$ cat data_15.tsv   # TSV, N, CA and C atoms
chain	number	residue	atom	x	y	z
Q	1	MET	N	104.48	81.08	108.93
Q	1	MET	CA	105.04	82.40	109.06
Q	1	MET	C	103.94	83.44	109.06
Q	2	LYS	N	104.23	84.58	109.65
Q	2	LYS	CA	103.27	85.66	109.74
Q	2	LYS	C	103.69	86.80	108.81
Q	3	TYR	N	102.75	87.25	107.99
Q	3	TYR	CA	103.03	88.31	107.03
Q	3	TYR	C	102.07	89.47	107.23
Q	4	HIS	N	102.54	90.63	106.90
Q	4	HIS	CA	101.69	91.82	106.84
Q	4	HIS	C	101.46	92.12	105.36
Q	5	ARG	N	100.23	92.43	105.02
Q	5	ARG	CA	99.88	92.83	103.65
Q	5	ARG	C	99.26	94.22	103.76
Q	6	LEU	N	99.88	95.17	103.09
Q	6	LEU	CA	99.42	96.55	103.19
Q	6	LEU	C	99.25	97.13	101.79
Q	7	LYS	N	98.18	97.89	101.60
Q	7	LYS	CA	97.92	98.55	100.33
Q	7	LYS	C	98.13	100.04	100.49
Q	8	TYR	N	98.66	100.64	99.46
Q	8	TYR	CA	98.89	102.07	99.44
Q	8	TYR	C	98.33	102.62	98.13
Q	9	ARG	N	97.60	103.71	98.21
Q	9	ARG	CA	97.05	104.32	97.01
Q	9	ARG	C	97.83	105.60	96.71
Q	10	LEU	N	98.34	105.66	95.49
Q	10	LEU	CA	99.15	106.78	95.06
Q	10	LEU	C	98.42	107.52	93.94
Q	11	CYS	N	98.04	108.76	94.20
Q	11	CYS	CA	97.43	109.62	93.18
Q	11	CYS	C	98.58	110.31	92.46
Q	12	MET	N	98.70	110.07	91.18
Q	12	MET	CA	99.83	110.63	90.44
Q	12	MET	C	99.37	111.11	89.08
Q	13	GLN	N	100.24	111.84	88.43
Q	13	GLN	CA	100.02	112.30	87.06
Q	13	GLN	C	101.21	111.87	86.22
Q	14	HIS	N	100.95	111.63	84.95
Q	14	HIS	CA	102.05	111.33	84.03
Q	14	HIS	C	101.57	111.57	82.61
Q	15	SER	N	102.51	111.53	81.68
Q	15	SER	CA	102.17	111.55	80.26
Q	15	SER	C	103.06	110.52	79.57
Q	16	PHE	N	102.51	109.86	78.58
Q	16	PHE	CA	103.28	108.82	77.89
Q	16	PHE	C	104.37	109.39	77.01
Q	17	ASP	N	104.16	110.61	76.52
Q	17	ASP	CA	105.14	111.21	75.60
Q	17	ASP	C	106.04	112.24	76.28
Q	18	GLY	N	105.90	112.43	77.60
Q	18	GLY	CA	106.73	113.38	78.32
Q	18	GLY	C	106.31	114.83	78.17
Q	19	ARG	N	105.23	115.08	77.47
Q	19	ARG	CA	104.75	116.45	77.27
Q	19	ARG	C	103.73	116.78	78.36
Q	20	ILE	N	104.01	117.84	79.10
Q	20	ILE	CA	103.17	118.18	80.24
Q	20	ILE	C	101.74	118.50	79.83
Q	21	GLU	N	101.54	119.00	78.62
Q	21	GLU	CA	100.18	119.29	78.17
Q	21	GLU	C	99.36	118.02	77.94
Q	22	ASN	N	100.01	116.87	77.90
Q	22	ASN	CA	99.31	115.59	77.74
Q	22	ASN	C	99.22	114.80	79.05
Q	23	LYS	N	99.51	115.46	80.15
Q	23	LYS	CA	99.47	114.74	81.43
Q	23	LYS	C	98.03	114.39	81.79
Q	24	HIS	N	97.91	113.28	82.49
Q	24	HIS	CA	96.61	112.84	82.98
Q	24	HIS	C	96.82	112.13	84.32
Q	25	HIS	N	95.72	111.93	85.02
Q	25	HIS	CA	95.77	111.41	86.39
Q	25	HIS	C	95.52	109.90	86.43
Q	26	HIS	N	96.11	109.28	87.43
Q	26	HIS	CA	95.87	107.87	87.74
Q	26	HIS	C	95.82	107.71	89.25
Q	27	LEU	N	95.08	106.73	89.68
Q	27	LEU	CA	95.13	106.29	91.07
Q	27	LEU	C	95.77	104.90	91.02
Q	28	ILE	N	97.01	104.82	91.41
Q	28	ILE	CA	97.78	103.58	91.38
Q	28	ILE	C	97.62	102.91	92.74
Q	29	GLU	N	97.37	101.61	92.73
Q	29	GLU	CA	97.32	100.86	93.98
Q	29	GLU	C	98.57	99.99	94.07
Q	30	ILE	N	99.24	100.09	95.20
Q	30	ILE	CA	100.47	99.32	95.45
Q	30	ILE	C	100.21	98.45	96.66
Q	31	GLU	N	100.54	97.17	96.53
Q	31	GLU	CA	100.36	96.22	97.62
Q	31	GLU	C	101.70	95.61	97.97
Q	32	ILE	N	102.01	95.63	99.25
Q	32	ILE	CA	103.28	95.09	99.76
Q	32	ILE	C	102.98	93.97	100.74
Q	33	VAL	N	103.70	92.88	100.63
Q	33	VAL	CA	103.62	91.79	101.60
Q	33	VAL	C	105.03	91.61	102.16
Q	34	ALA	N	105.12	91.63	103.49
Q	34	ALA	CA	106.42	91.50	104.14
Q	34	ALA	C	106.23	90.91	105.53
Q	35	ARG	N	107.32	90.45	106.09
Q	35	ARG	CA	107.28	89.95	107.47
Q	35	ARG	C	108.44	90.56	108.22
Q	36	HIS	N	108.23	90.74	109.49
Q	36	HIS	CA	109.29	91.30	110.32
Q	36	HIS	C	110.22	90.17	110.73
Q	37	ILE	N	111.50	90.42	110.68
Q	37	ILE	CA	112.50	89.38	110.95
Q	37	ILE	C	112.36	88.82	112.36
Q	38	SER	N	111.94	89.63	113.31
Q	38	SER	CA	111.87	89.17	114.69
Q	38	SER	C	110.76	88.16	114.92
Q	39	GLU	N	109.78	88.10	114.01
Q	39	GLU	CA	108.63	87.20	114.15
Q	39	GLU	C	107.73	87.60	115.31
Q	40	ASP	N	108.10	88.65	116.05
Q	40	ASP	CA	107.25	89.15	117.13
Q	40	ASP	C	106.09	89.92	116.52
Q	41	PHE	N	105.11	90.18	117.34
Q	41	PHE	CA	103.96	90.95	116.90
Q	41	PHE	C	104.41	92.35	116.49
Q	42	MET	N	103.98	92.78	115.32
Q	42	MET	CA	104.27	94.14	114.84
Q	42	MET	C	102.96	94.77	114.40
Q	43	GLU	N	102.79	96.02	114.69
Q	43	GLU	CA	101.60	96.73	114.28
Q	43	GLU	C	101.74	97.18	112.83
Q	44	PHE	N	100.59	97.31	112.15
Q	44	PHE	CA	100.61	97.78	110.78
Q	44	PHE	C	101.23	99.18	110.69
Q	45	ALA	N	101.09	99.97	111.74
Q	45	ALA	CA	101.62	101.33	111.71
Q	45	ALA	C	103.12	101.35	111.44
Q	46	SER	N	103.84	100.33	111.88
Q	46	SER	CA	105.28	100.25	111.65
Q	46	SER	C	105.58	100.19	110.15
Q	47	MET	N	104.89	99.33	109.45
Q	47	MET	CA	105.09	99.19	108.02
Q	47	MET	C	104.48	100.38	107.27
Q	48	ASP	N	103.35	100.85	107.73
Q	48	ASP	CA	102.66	101.96	107.10
Q	48	ASP	C	103.53	103.21	107.08
Q	49	SER	N	104.21	103.49	108.16
Q	49	SER	CA	105.05	104.69	108.21
Q	49	SER	C	106.23	104.59	107.23
Q	50	ILE	N	106.74	103.39	107.03
Q	50	ILE	CA	107.82	103.19	106.06
Q	50	ILE	C	107.32	103.47	104.65
Q	51	LEU	N	106.14	102.94	104.32
Q	51	LEU	CA	105.59	103.15	102.98
Q	51	LEU	C	105.24	104.61	102.74
Q	52	GLU	N	104.75	105.29	103.75
Q	52	GLU	CA	104.44	106.72	103.61
Q	52	GLU	C	105.72	107.51	103.31
Q	53	GLU	N	106.80	107.12	103.96
Q	53	GLU	CA	108.08	107.77	103.73
Q	53	GLU	C	108.55	107.57	102.28
Q	54	VAL	N	108.34	106.38	101.74
Q	54	VAL	CA	108.77	106.07	100.38
Q	54	VAL	C	107.87	106.75	99.35
Q	55	PHE	N	106.57	106.61	99.50
Q	55	PHE	CA	105.64	107.07	98.47
Q	55	PHE	C	105.16	108.51	98.64
Q	56	GLY	N	105.24	109.06	99.85
Q	56	GLY	CA	104.74	110.40	100.12
Q	56	GLY	C	105.23	111.47	99.15
Q	57	PRO	N	106.54	111.49	98.81
Q	57	PRO	CA	107.02	112.53	97.90
Q	57	PRO	C	106.41	112.48	96.50
Q	58	TYR	N	105.81	111.36	96.11
Q	58	TYR	CA	105.24	111.20	94.77
Q	58	TYR	C	103.73	111.48	94.73
Q	59	GLN	N	103.12	111.59	95.91
Q	59	GLN	CA	101.67	111.78	95.98
Q	59	GLN	C	101.28	113.09	95.30
Q	60	TYR	N	100.34	113.01	94.36
Q	60	TYR	CA	99.79	114.15	93.61
Q	60	TYR	C	100.83	114.86	92.75
Q	61	GLN	N	101.87	114.16	92.35
Q	61	GLN	CA	102.94	114.77	91.55
Q	61	GLN	C	102.92	114.27	90.11
Q	62	TYR	N	103.58	115.03	89.24
Q	62	TYR	CA	103.77	114.66	87.83
Q	62	TYR	C	105.06	113.85	87.77
Q	63	LEU	N	104.93	112.54	87.62
Q	63	LEU	CA	106.07	111.64	87.77
Q	63	LEU	C	107.12	111.78	86.68
Q	64	ASN	N	106.76	112.27	85.51
Q	64	ASN	CA	107.73	112.43	84.44
Q	64	ASN	C	108.88	113.36	84.84
Q	65	GLU	N	108.67	114.22	85.81
Q	65	GLU	CA	109.69	115.18	86.21
Q	65	GLU	C	110.70	114.62	87.22
Q	66	PHE	N	110.47	113.41	87.70
Q	66	PHE	CA	111.40	112.82	88.66
Q	66	PHE	C	112.51	112.08	87.90
Q	67	PRO	N	113.77	112.35	88.25
Q	67	PRO	CA	114.89	111.72	87.52
Q	67	PRO	C	114.91	110.20	87.61
Q	68	GLU	N	114.39	109.63	88.69
Q	68	GLU	CA	114.42	108.17	88.84
Q	68	GLU	C	113.56	107.44	87.81
Q	69	PHE	N	112.62	108.15	87.19
Q	69	PHE	CA	111.78	107.51	86.18
Q	69	PHE	C	112.31	107.74	84.77
Q	70	GLU	N	113.26	108.64	84.61
Q	70	GLU	CA	113.90	108.90	83.32
Q	70	GLU	C	112.86	109.10	82.22
Q	71	GLY	N	111.73	109.70	82.56
Q	71	GLY	CA	110.68	109.93	81.58
Q	71	GLY	C	109.85	108.70	81.26
Q	72	ASP	N	110.19	107.57	81.83
Q	72	ASP	CA	109.46	106.32	81.57
Q	72	ASP	C	108.50	106.06	82.72
Q	73	THR	N	107.23	106.30	82.49
Q	73	THR	CA	106.25	106.14	83.56
Q	73	THR	C	105.27	105.00	83.27
Q	74	ARG	N	105.72	104.01	82.48
Q	74	ARG	CA	104.90	102.81	82.31
Q	74	ARG	C	104.79	102.11	83.65
Q	75	ILE	N	103.70	101.39	83.84
Q	75	ILE	CA	103.44	100.73	85.13
Q	75	ILE	C	104.58	99.77	85.50
Q	76	GLU	N	105.18	99.12	84.52
Q	76	GLU	CA	106.28	98.19	84.81
Q	76	GLU	C	107.51	98.93	85.34
Q	77	HIS	N	107.81	100.06	84.74
Q	77	HIS	CA	108.98	100.83	85.19
Q	77	HIS	C	108.73	101.44	86.56
Q	78	LEU	N	107.52	101.96	86.78
Q	78	LEU	CA	107.16	102.46	88.11
Q	78	LEU	C	107.34	101.33	89.13
Q	79	GLY	N	106.88	100.13	88.77
Q	79	GLY	CA	107.00	98.99	89.66
Q	79	GLY	C	108.45	98.68	90.01
Q	80	GLU	N	109.32	98.69	89.03
Q	80	GLU	CA	110.74	98.38	89.29
Q	80	GLU	C	111.37	99.43	90.20
Q	81	VAL	N	111.09	100.69	89.94
Q	81	VAL	CA	111.66	101.77	90.76
Q	81	VAL	C	111.13	101.71	92.19
Q	82	PHE	N	109.81	101.61	92.32
Q	82	PHE	CA	109.21	101.58	93.65
Q	82	PHE	C	109.58	100.32	94.43
Q	83	TYR	N	109.67	99.20	93.74
Q	83	TYR	CA	110.08	97.94	94.39
Q	83	TYR	C	111.44	98.10	95.08
Q	84	LEU	N	112.40	98.65	94.37
Q	84	LEU	CA	113.74	98.82	94.94
Q	84	LEU	C	113.72	99.78	96.13
Q	85	LYS	N	112.96	100.85	96.02
Q	85	LYS	CA	112.86	101.81	97.12
Q	85	LYS	C	112.21	101.18	98.35
Q	86	VAL	N	111.13	100.45	98.13
Q	86	VAL	CA	110.42	99.80	99.25
Q	86	VAL	C	111.29	98.73	99.89
Q	87	LYS	N	111.92	97.92	99.07
Q	87	LYS	CA	112.77	96.84	99.60
Q	87	LYS	C	113.89	97.40	100.47
Q	88	GLU	N	114.53	98.46	100.02
Q	88	GLU	CA	115.61	99.07	100.79
Q	88	GLU	C	115.09	99.66	102.10
Q	89	ALA	N	113.97	100.37	102.03
Q	89	ALA	CA	113.41	101.01	103.23
Q	89	ALA	C	112.95	99.96	104.25
Q	90	LEU	N	112.31	98.89	103.79
Q	90	LEU	CA	111.87	97.84	104.70
Q	90	LEU	C	113.07	97.13	105.33
Q	91	GLY	N	114.08	96.86	104.54
Q	91	GLY	CA	115.27	96.17	105.03
Q	91	GLY	C	115.97	96.93	106.15
Q	92	LYS	N	115.97	98.25	106.07
Q	92	LYS	CA	116.60	99.07	107.12
Q	92	LYS	C	115.87	98.94	108.45
Q	93	LYS	N	114.60	98.55	108.41
Q	93	LYS	CA	113.80	98.42	109.64
Q	93	LYS	C	113.52	96.96	109.99
Q	94	GLN	N	114.35	96.07	109.45
Q	94	GLN	CA	114.28	94.64	109.77
Q	94	GLN	C	113.03	93.93	109.24
Q	95	TRP	N	112.51	94.39	108.11
Q	95	TRP	CA	111.40	93.72	107.45
Q	95	TRP	C	111.94	92.90	106.30
Q	96	ARG	N	111.42	91.73	106.11
Q	96	ARG	CA	111.80	90.85	105.00
Q	96	ARG	C	110.72	90.97	103.93
Q	97	PHE	N	111.12	91.45	102.78
Q	97	PHE	CA	110.22	91.67	101.66
Q	97	PHE	C	109.78	90.35	101.06
Q	98	ALA	N	108.51	90.21	100.72
Q	98	ALA	CA	108.01	88.98	100.10
Q	98	ALA	C	107.40	89.23	98.73
Q	99	ARG	N	106.55	90.25	98.62
Q	99	ARG	CA	105.82	90.47	97.37
Q	99	ARG	C	105.51	91.96	97.20
Q	100	PHE	N	105.60	92.41	95.95
Q	100	PHE	CA	105.26	93.78	95.58
Q	100	PHE	C	104.33	93.70	94.37
Q	101	GLU	N	103.22	94.42	94.44
Q	101	GLU	CA	102.30	94.51	93.30
Q	101	GLU	C	101.94	95.97	93.08
Q	102	ILE	N	101.86	96.34	91.81
Q	102	ILE	CA	101.42	97.68	91.45
Q	102	ILE	C	100.38	97.53	90.35
Q	103	ARG	N	99.27	98.27	90.48
Q	103	ARG	CA	98.21	98.13	89.49
Q	103	ARG	C	97.60	99.48	89.18
Q	104	GLU	N	97.24	99.64	87.90
Q	104	GLU	CA	96.52	100.84	87.50
Q	104	GLU	C	95.04	100.55	87.35
Q	105	THR	N	94.68	99.29	87.17
Q	105	THR	CA	93.29	98.83	87.18
Q	105	THR	C	93.30	97.45	87.82
Q	106	PRO	N	92.15	96.96	88.25
Q	106	PRO	CA	92.13	95.61	88.83
Q	106	PRO	C	92.58	94.52	87.84
Q	107	LEU	N	92.54	94.82	86.57
Q	107	LEU	CA	92.89	93.83	85.55
Q	107	LEU	C	94.33	93.94	85.06
Q	108	ARG	N	95.05	94.97	85.47
Q	108	ARG	CA	96.42	95.18	85.00
Q	108	ARG	C	97.34	95.33	86.21
Q	109	THR	N	98.03	94.24	86.55
Q	109	THR	CA	98.90	94.22	87.73
Q	109	THR	C	100.29	93.78	87.34
Q	110	TYR	N	101.30	94.45	87.86
Q	110	TYR	CA	102.69	94.05	87.70
Q	110	TYR	C	103.18	93.61	89.07
Q	111	ALA	N	103.74	92.42	89.17
Q	111	ALA	CA	104.14	91.86	90.47
Q	111	ALA	C	105.59	91.41	90.47
Q	112	ILE	N	106.22	91.56	91.62
Q	112	ILE	CA	107.57	91.05	91.86
Q	112	ILE	C	107.48	90.22	93.15
Q	113	VAL	N	107.87	88.95	93.07
Q	113	VAL	CA	107.76	88.05	94.21
Q	113	VAL	C	109.16	87.55	94.55
Q	114	GLU	N	109.53	87.67	95.82
Q	114	GLU	CA	110.83	87.17	96.29
Q	114	GLU	C	110.68	85.96	97.18
Q	115	GLU	N	109.61	85.90	97.91
Q	115	GLU	CA	109.44	84.85	98.91
Q	115	GLU	C	108.04	84.26	98.76
Q	116	THR	N	107.96	82.97	98.67
Q	116	THR	CA	106.64	82.35	98.58
Q	116	THR	C	106.06	82.17	99.96
Q	117	PHE	N	104.78	82.28	100.06
Q	117	PHE	CA	104.11	82.18	101.35
Q	117	PHE	C	102.84	81.40	101.21
$ encode --input "data_15.tsv" --output "structure tokens"
Amino acid sequence: MKYHRLKYRLCMQHSFDGRIENKHHHLIEIEIVARHISEDFMEFASMDSILEEVFGPYQYQYLNEFPEFEGDTRIEHLGEVFYLKVKEALGKKQWRFARFEIRETPLRTYAIVEETF
């Protein structure tokens, strides 16, 4: 099978206690692996535009203020929220989701795997 693997970098701000005066910055790296259902050749731009649509509204934002995070901006919760958003967006464009990873450092990664490859 043929898969596309794309990385997206999200510059965001958050605070662990929900207090804006304690906000700090992170560069989160998100990696998505998916395949197009048609199995035909697809350009990365197709998947890239979907991810930009999902993550664009969060770029350079203070995530604690978004209702979908309910004040919980731990990497695991971000992963769960973003995974569902990405899976839904990819599915609408006939992409089959395989793997989602989110990391705040190279040593701390949260992954969700649906399809082995």
$ atom_distance --input "data_15.tsv" --atom1 "atom C of Tyr3 of chain Q" --atom2 "atom N of Glu31 of chain Q"
13.3 Å
$ residues_around --input "data_15.tsv" --residues "Met12 of chain Q" --least-positions-apart "3" --cutoff "7 Å" --atoms "all atoms listed in the file" --output "list in words"
His24, His25, His26, Leu27, Ile28, Tyr58, Gln59, Tyr60, Gln61, Tyr62 and Leu63 of chain Q
$ atom_distance --input "data_15.tsv" --atom1 "atom C of Ala89 of chain Q" --atom2 "atom CA of Arg74 of chain Q"
23.5 Å
$ residues_around --input "data_15.tsv" --residues "segment 66-70 of chain Q" --least-positions-apart "6" --cutoff "8 Å" --atoms "only C-alpha atoms" --output "list in words"
His77, Leu78 and Val81 of chain Q
$ atom_distance --input "data_15.tsv" --atom1 "atom CA of Glu76 of chain Q" --atom2 "atom N of Asp17 of chain Q"
15.1 Å
$ closest_residue --input "data_15.tsv" --among "Q:Gly91, Q:Pro57, Q:Gly79, Q:Gly71" --to "Gly18 of chain Q" --atoms "only C-alpha atoms"
Q:Gly71
$ closest_residue --input "data_15.tsv" --among "Q:Leu10, Q:Ile20, Q:Ile30, Q:Val54" --to "Ile102 of chain Q" --atoms "only C-alpha atoms"
Q:Ile30
$ decode --input "data_15.tsv" --residues "segment 62-87 of chain Q" --atoms "N, CA and C atoms" --output "PDB file, in the first residue's frame"
ATOM      1  N   TYR Q  62      -3.462  31.139  21.868  1.00  0.00           N
ATOM      2  CA  TYR Q  62      -3.459  30.664  23.260  1.00  0.00           C
ATOM      3  C   TYR Q  62      -4.551  29.602  23.361  1.00  0.00           C
ATOM      4  N   LEU Q  63      -4.148  28.343  23.403  1.00  0.00           N
ATOM      5  CA  LEU Q  63      -5.093  27.233  23.277  1.00  0.00           C
ATOM      6  C   LEU Q  63      -6.056  27.096  24.447  1.00  0.00           C
ATOM      7  N   ASN Q  64      -5.697  27.587  25.619  1.00  0.00           N
ATOM      8  CA  ASN Q  64      -6.593  27.484  26.768  1.00  0.00           C
ATOM      9  C   ASN Q  64      -7.934  28.179  26.511  1.00  0.00           C
ATOM     10  N   GLU Q  65      -7.978  29.114  25.591  1.00  0.00           N
ATOM     11  CA  GLU Q  65      -9.201  29.864  25.329  1.00  0.00           C
ATOM     12  C   GLU Q  65     -10.158  29.165  24.363  1.00  0.00           C
ATOM     13  N   PHE Q  66      -9.732  28.056  23.782  1.00  0.00           N
ATOM     14  CA  PHE Q  66     -10.600  27.334  22.856  1.00  0.00           C
ATOM     15  C   PHE Q  66     -11.479  26.347  23.633  1.00  0.00           C
ATOM     16  N   PRO Q  67     -12.793  26.371  23.399  1.00  0.00           N
ATOM     17  CA  PRO Q  67     -13.694  25.489  24.158  1.00  0.00           C
ATOM     18  C   PRO Q  67     -13.414  24.003  23.962  1.00  0.00           C
ATOM     19  N   GLU Q  68     -12.885  23.605  22.816  1.00  0.00           N
ATOM     20  CA  GLU Q  68     -12.638  22.187  22.573  1.00  0.00           C
ATOM     21  C   GLU Q  68     -11.559  21.592  23.479  1.00  0.00           C
ATOM     22  N   PHE Q  69     -10.736  22.450  24.077  1.00  0.00           N
ATOM     23  CA  PHE Q  69      -9.701  21.945  24.981  1.00  0.00           C
ATOM     24  C   PHE Q  69     -10.143  21.984  26.434  1.00  0.00           C
ATOM     25  N   GLU Q  70     -11.246  22.653  26.722  1.00  0.00           N
ATOM     26  CA  GLU Q  70     -11.811  22.711  28.071  1.00  0.00           C
ATOM     27  C   GLU Q  70     -10.747  23.060  29.110  1.00  0.00           C
ATOM     28  N   GLY Q  71      -9.792  23.900  28.733  1.00  0.00           N
ATOM     29  CA  GLY Q  71      -8.727  24.291  29.651  1.00  0.00           C
ATOM     30  C   GLY Q  71      -7.645  23.243  29.824  1.00  0.00           C
ATOM     31  N   ASP Q  72      -7.793  22.091  29.205  1.00  0.00           N
ATOM     32  CA  ASP Q  72      -6.815  21.007  29.325  1.00  0.00           C
ATOM     33  C   ASP Q  72      -5.923  21.014  28.090  1.00  0.00           C
ATOM     34  N   THR Q  73      -4.711  21.502  28.246  1.00  0.00           N
ATOM     35  CA  THR Q  73      -3.808  21.598  27.102  1.00  0.00           C
ATOM     36  C   THR Q  73      -2.602  20.674  27.243  1.00  0.00           C
ATOM     37  N   ARG Q  74      -2.779  19.574  27.989  1.00  0.00           N
ATOM     38  CA  ARG Q  74      -1.719  18.559  28.022  1.00  0.00           C
ATOM     39  C   ARG Q  74      -1.578  17.969  26.629  1.00  0.00           C
ATOM     40  N   ILE Q  75      -0.387  17.494  26.311  1.00  0.00           N
ATOM     41  CA  ILE Q  75      -0.112  16.974  24.963  1.00  0.00           C
ATOM     42  C   ILE Q  75      -1.058  15.821  24.607  1.00  0.00           C
ATOM     43  N   GLU Q  76      -1.433  15.012  25.581  1.00  0.00           N
ATOM     44  CA  GLU Q  76      -2.342  13.889  25.311  1.00  0.00           C
ATOM     45  C   GLU Q  76      -3.737  14.386  24.921  1.00  0.00           C
ATOM     46  N   HIS Q  77      -4.213  15.398  25.622  1.00  0.00           N
ATOM     47  CA  HIS Q  77      -5.548  15.930  25.307  1.00  0.00           C
ATOM     48  C   HIS Q  77      -5.534  16.654  23.964  1.00  0.00           C
ATOM     49  N   LEU Q  78      -4.477  17.428  23.703  1.00  0.00           N
ATOM     50  CA  LEU Q  78      -4.342  18.052  22.384  1.00  0.00           C
ATOM     51  C   LEU Q  78      -4.375  16.974  21.303  1.00  0.00           C
ATOM     52  N   GLY Q  79      -3.653  15.875  21.547  1.00  0.00           N
ATOM     53  CA  GLY Q  79      -3.617  14.777  20.592  1.00  0.00           C
ATOM     54  C   GLY Q  79      -4.994  14.195  20.322  1.00  0.00           C
ATOM     55  N   GLU Q  80      -5.771  13.974  21.363  1.00  0.00           N
ATOM     56  CA  GLU Q  80      -7.115  13.401  21.186  1.00  0.00           C
ATOM     57  C   GLU Q  80      -8.020  14.342  20.392  1.00  0.00           C
ATOM     58  N   VAL Q  81      -7.979  15.620  20.717  1.00  0.00           N
ATOM     59  CA  VAL Q  81      -8.818  16.601  20.024  1.00  0.00           C
ATOM     60  C   VAL Q  81      -8.404  16.722  18.559  1.00  0.00           C
ATOM     61  N   PHE Q  82      -7.108  16.904  18.325  1.00  0.00           N
ATOM     62  CA  PHE Q  82      -6.633  17.074  16.953  1.00  0.00           C
ATOM     63  C   PHE Q  82      -6.801  15.803  16.124  1.00  0.00           C
ATOM     64  N   TYR Q  83      -6.605  14.650  16.732  1.00  0.00           N
ATOM     65  CA  TYR Q  83      -6.805  13.374  16.028  1.00  0.00           C
ATOM     66  C   TYR Q  83      -8.220  13.285  15.455  1.00  0.00           C
ATOM     67  N   LEU Q  84      -9.214  13.589  16.269  1.00  0.00           N
ATOM     68  CA  LEU Q  84     -10.604  13.509  15.807  1.00  0.00           C
ATOM     69  C   LEU Q  84     -10.879  14.515  14.689  1.00  0.00           C
ATOM     70  N   LYS Q  85     -10.336  15.709  14.814  1.00  0.00           N
ATOM     71  CA  LYS Q  85     -10.530  16.731  13.784  1.00  0.00           C
ATOM     72  C   LYS Q  85      -9.867  16.313  12.463  1.00  0.00           C
ATOM     73  N   VAL Q  86      -8.648  15.804  12.553  1.00  0.00           N
ATOM     74  CA  VAL Q  86      -7.919  15.382  11.351  1.00  0.00           C
ATOM     75  C   VAL Q  86      -8.606  14.184  10.702  1.00  0.00           C
ATOM     76  N   LYS Q  87      -8.991  13.219  11.507  1.00  0.00           N
ATOM     77  CA  LYS Q  87      -9.647  12.024  10.959  1.00  0.00           C
ATOM     78  C   LYS Q  87     -10.924  12.388  10.216  1.00  0.00           C
TER      79      LYS Q  87
END
